[in-house]
Amino acid sequence: MPFLSRATQQGGENRFFPTEWQFAFDAKRSFLTVFLEPCELPPSASEDLKAEMKRREWVELFPSREESLRRILRFLYEQKRTGVFEESFSCLGPDNTGWRLGGWQLNEADSTGENSGSLYGIAQFNPALPPQTVRQTAAITIGLPGRPLMLRYRRRFRLYAPVLGEASFRVAVDGEVIDAASHSDPAEDEWTTRSVPVPDRGARQAALEFTVTASSTANYFPSAEAWVDDLRMA
């Protein structure tokens, strides 16, 4: 990533950075130009390199630093991704655009204990309403190849349901459930790694969905909470 400032704008051709940038350009490396402040491309850079830097994606760390850092993060994510789909829910937000949170939200809890986050969803009753079913679904559309895949992810959940109630968590691809848990299963208060197969239904665009559901036929109050993190489909 070339970092540009007034210092690079004024730098001469004998400085190291034009040479390093030219090496990256000649090697056809992916790069993202980052402007640290208002400035121009250095005159010492070759014309073909300057044309390429203007043509390719670039970001400015001013005036919105947070949004620019998010764009840098997503650029780096695309460069390092090795699977069909990966998501770590960083401290700057999701690695991927297009999440439809549907009542879920980003959460500070992280499976690695580092400066990152997770996706958190909760389904619980409104005490003012009669017996009901509450469902919250977070989803993202991803491109699937025509071959079997495995989804690896980490999860925690708290599923509580008194008599005549149900609480559940499920993972689905286009509505086809590939992993699930209910209140009758052992609790998972600690992060647990799951690896589940994704059936081959041909090459397609499909929705990866995470759903928590709480329901009851009586005036009791079941609830379903879940955290998901470190998704990788390959």
# chains A, B, ... in the order shown; residues from 1 in each chain; ligands from 1
call {"tool": "select_by_dssp", "arguments": {"residues": "chain A", "states": "helix (DSSP H, G or I)", "output": "ChimeraX atom specification"}}
result
/A:6-10,16-26,47-55,65-80
call {"tool": "residues_around", "arguments": {"residues": "A:Gly175", "least_positions_apart": "5", "cutoff": "10 Å", "atoms": "only C-alpha atoms", "output": "NGL selection string"}}
result
:A and (206-209)
call {"tool": "closest_atom_pairs", "arguments": {"of": "stretch 198-218 of chain A", "to": "stretch 181-191 of chain A", "cutoff": "12 Å", "atoms": "only C-alpha atoms", "output": "JSON lines"}}
result
{"residue": "A:Phe210", "atom": "CA", "partner": "A:Ala181", "partner_atom": "CA", "distance": 11.6}
{"residue": "A:Thr211", "atom": "CA", "partner": "A:Ala181", "partner_atom": "CA", "distance": 10.6}
{"residue": "A:Val212", "atom": "CA", "partner": "A:Ser182", "partner_atom": "CA", "distance": 9.7}
{"residue": "A:Thr213", "atom": "CA", "partner": "A:Ser182", "partner_atom": "CA", "distance": 9.4}
{"residue": "A:Ala214", "atom": "CA", "partner": "A:His183", "partner_atom": "CA", "distance": 9.7}
{"residue": "A:Ser215", "atom": "CA", "partner": "A:His183", "partner_atom": "CA", "distance": 11.3}
call {"tool": "write_last_selection", "arguments": {"atoms": "N, CA and C atoms", "output": "PDB file, in the first residue's frame"}}
result
ATOM      1  N   PHE A 210     -28.111 -16.987   9.611  1.00  0.00           N
ATOM      2  CA  PHE A 210     -28.010 -17.342  11.027  1.00  0.00           C
ATOM      3  C   PHE A 210     -29.299 -16.868  11.702  1.00  0.00           C
ATOM      4  N   THR A 211     -30.002 -17.780  12.371  1.00  0.00           N
ATOM      5  CA  THR A 211     -31.319 -17.454  12.923  1.00  0.00           C
ATOM      6  C   THR A 211     -31.434 -17.894  14.382  1.00  0.00           C
ATOM      7  N   VAL A 212     -31.945 -16.995  15.215  1.00  0.00           N
ATOM      8  CA  VAL A 212     -32.349 -17.354  16.582  1.00  0.00           C
ATOM      9  C   VAL A 212     -33.868 -17.212  16.664  1.00  0.00           C
ATOM     10  N   THR A 213     -34.500 -18.177  17.350  1.00  0.00           N
ATOM     11  CA  THR A 213     -35.955 -18.194  17.449  1.00  0.00           C
ATOM     12  C   THR A 213     -36.372 -18.518  18.872  1.00  0.00           C
ATOM     13  N   ALA A 214     -37.367 -17.801  19.366  1.00  0.00           N
ATOM     14  CA  ALA A 214     -37.985 -18.097  20.666  1.00  0.00           C
ATOM     15  C   ALA A 214     -39.495 -18.118  20.455  1.00  0.00           C
ATOM     16  N   SER A 215     -40.161 -19.142  20.987  1.00  0.00           N
ATOM     17  CA  SER A 215     -41.613 -19.253  20.820  1.00  0.00           C
ATOM     18  C   SER A 215     -42.223 -19.914  22.042  1.00  0.00           C
TER      19      SER A 215
END
call {"tool": "select_by_dssp", "arguments": {"residues": "stretch 80-189 of chain A", "states": "strand (DSSP E)", "output": "PyMOL selection string"}}
result
chain A and resi 85-87+105-107+118-124+133-144+149-160+165-173+176-182+188-189
call {"tool": "residues_around", "arguments": {"residues": "A:Leu164", "least_positions_apart": "3", "cutoff": "10 Å", "atoms": "only C-alpha atoms", "output": "list in words"}}
result
Ala161, Ser215, Ser216, Thr217, Ala218, Asn219, Tyr220, Phe221 and Pro222 of chain A
call {"tool": "write_last_selection", "arguments": {"atoms": "N, CA, C and O atoms", "output": "PDB file, in the first residue's frame"}}
result
ATOM      1  N   ALA A 161     -35.900 -22.019  27.533  1.00  0.00           N
ATOM      2  CA  ALA A 161     -37.322 -22.170  27.247  1.00  0.00           C
ATOM      3  C   ALA A 161     -37.990 -22.946  28.373  1.00  0.00           C
ATOM      4  O   ALA A 161     -37.688 -24.124  28.586  1.00  0.00           O
ATOM      5  N   SER A 215     -40.161 -19.142  20.987  1.00  0.00           N
ATOM      6  CA  SER A 215     -41.613 -19.253  20.820  1.00  0.00           C
ATOM      7  C   SER A 215     -42.223 -19.914  22.042  1.00  0.00           C
ATOM      8  O   SER A 215     -41.563 -20.656  22.778  1.00  0.00           O
ATOM      9  N   SER A 216     -43.515 -19.642  22.250  1.00  0.00           N
ATOM     10  CA  SER A 216     -44.230 -20.234  23.382  1.00  0.00           C
ATOM     11  C   SER A 216     -45.730 -20.149  23.126  1.00  0.00           C
ATOM     12  O   SER A 216     -46.204 -19.220  22.470  1.00  0.00           O
ATOM     13  N   THR A 217     -46.457 -21.129  23.640  1.00  0.00           N
ATOM     14  CA  THR A 217     -47.924 -21.122  23.549  1.00  0.00           C
ATOM     15  C   THR A 217     -48.545 -20.692  24.866  1.00  0.00           C
ATOM     16  O   THR A 217     -49.767 -20.750  25.025  1.00  0.00           O
ATOM     17  N   ALA A 218     -47.715 -20.255  25.798  1.00  0.00           N
ATOM     18  CA  ALA A 218     -48.212 -19.795  27.098  1.00  0.00           C
ATOM     19  C   ALA A 218     -47.502 -18.495  27.450  1.00  0.00           C
ATOM     20  O   ALA A 218     -46.592 -18.047  26.754  1.00  0.00           O
ATOM     21  N   ASN A 219     -47.927 -17.879  28.523  1.00  0.00           N
ATOM     22  CA  ASN A 219     -47.339 -16.604  28.933  1.00  0.00           C
ATOM     23  C   ASN A 219     -46.048 -16.810  29.722  1.00  0.00           C
ATOM     24  O   ASN A 219     -45.916 -16.384  30.864  1.00  0.00           O
ATOM     25  N   TYR A 220     -45.118 -17.516  29.091  1.00  0.00           N
ATOM     26  CA  TYR A 220     -43.790 -17.648  29.658  1.00  0.00           C
ATOM     27  C   TYR A 220     -42.822 -16.912  28.726  1.00  0.00           C
ATOM     28  O   TYR A 220     -43.208 -16.447  27.653  1.00  0.00           O
ATOM     29  N   PHE A 221     -41.574 -16.849  29.117  1.00  0.00           N
ATOM     30  CA  PHE A 221     -40.659 -15.986  28.380  1.00  0.00           C
ATOM     31  C   PHE A 221     -39.378 -16.713  27.980  1.00  0.00           C
ATOM     32  O   PHE A 221     -38.322 -16.518  28.593  1.00  0.00           O
ATOM     33  N   PRO A 222     -39.451 -17.535  26.921  1.00  0.00           N
ATOM     34  CA  PRO A 222     -38.230 -18.152  26.411  1.00  0.00           C
ATOM     35  C   PRO A 222     -37.344 -17.092  25.744  1.00  0.00           C
ATOM     36  O   PRO A 222     -37.805 -16.012  25.365  1.00  0.00           O
TER      37      PRO A 222
END
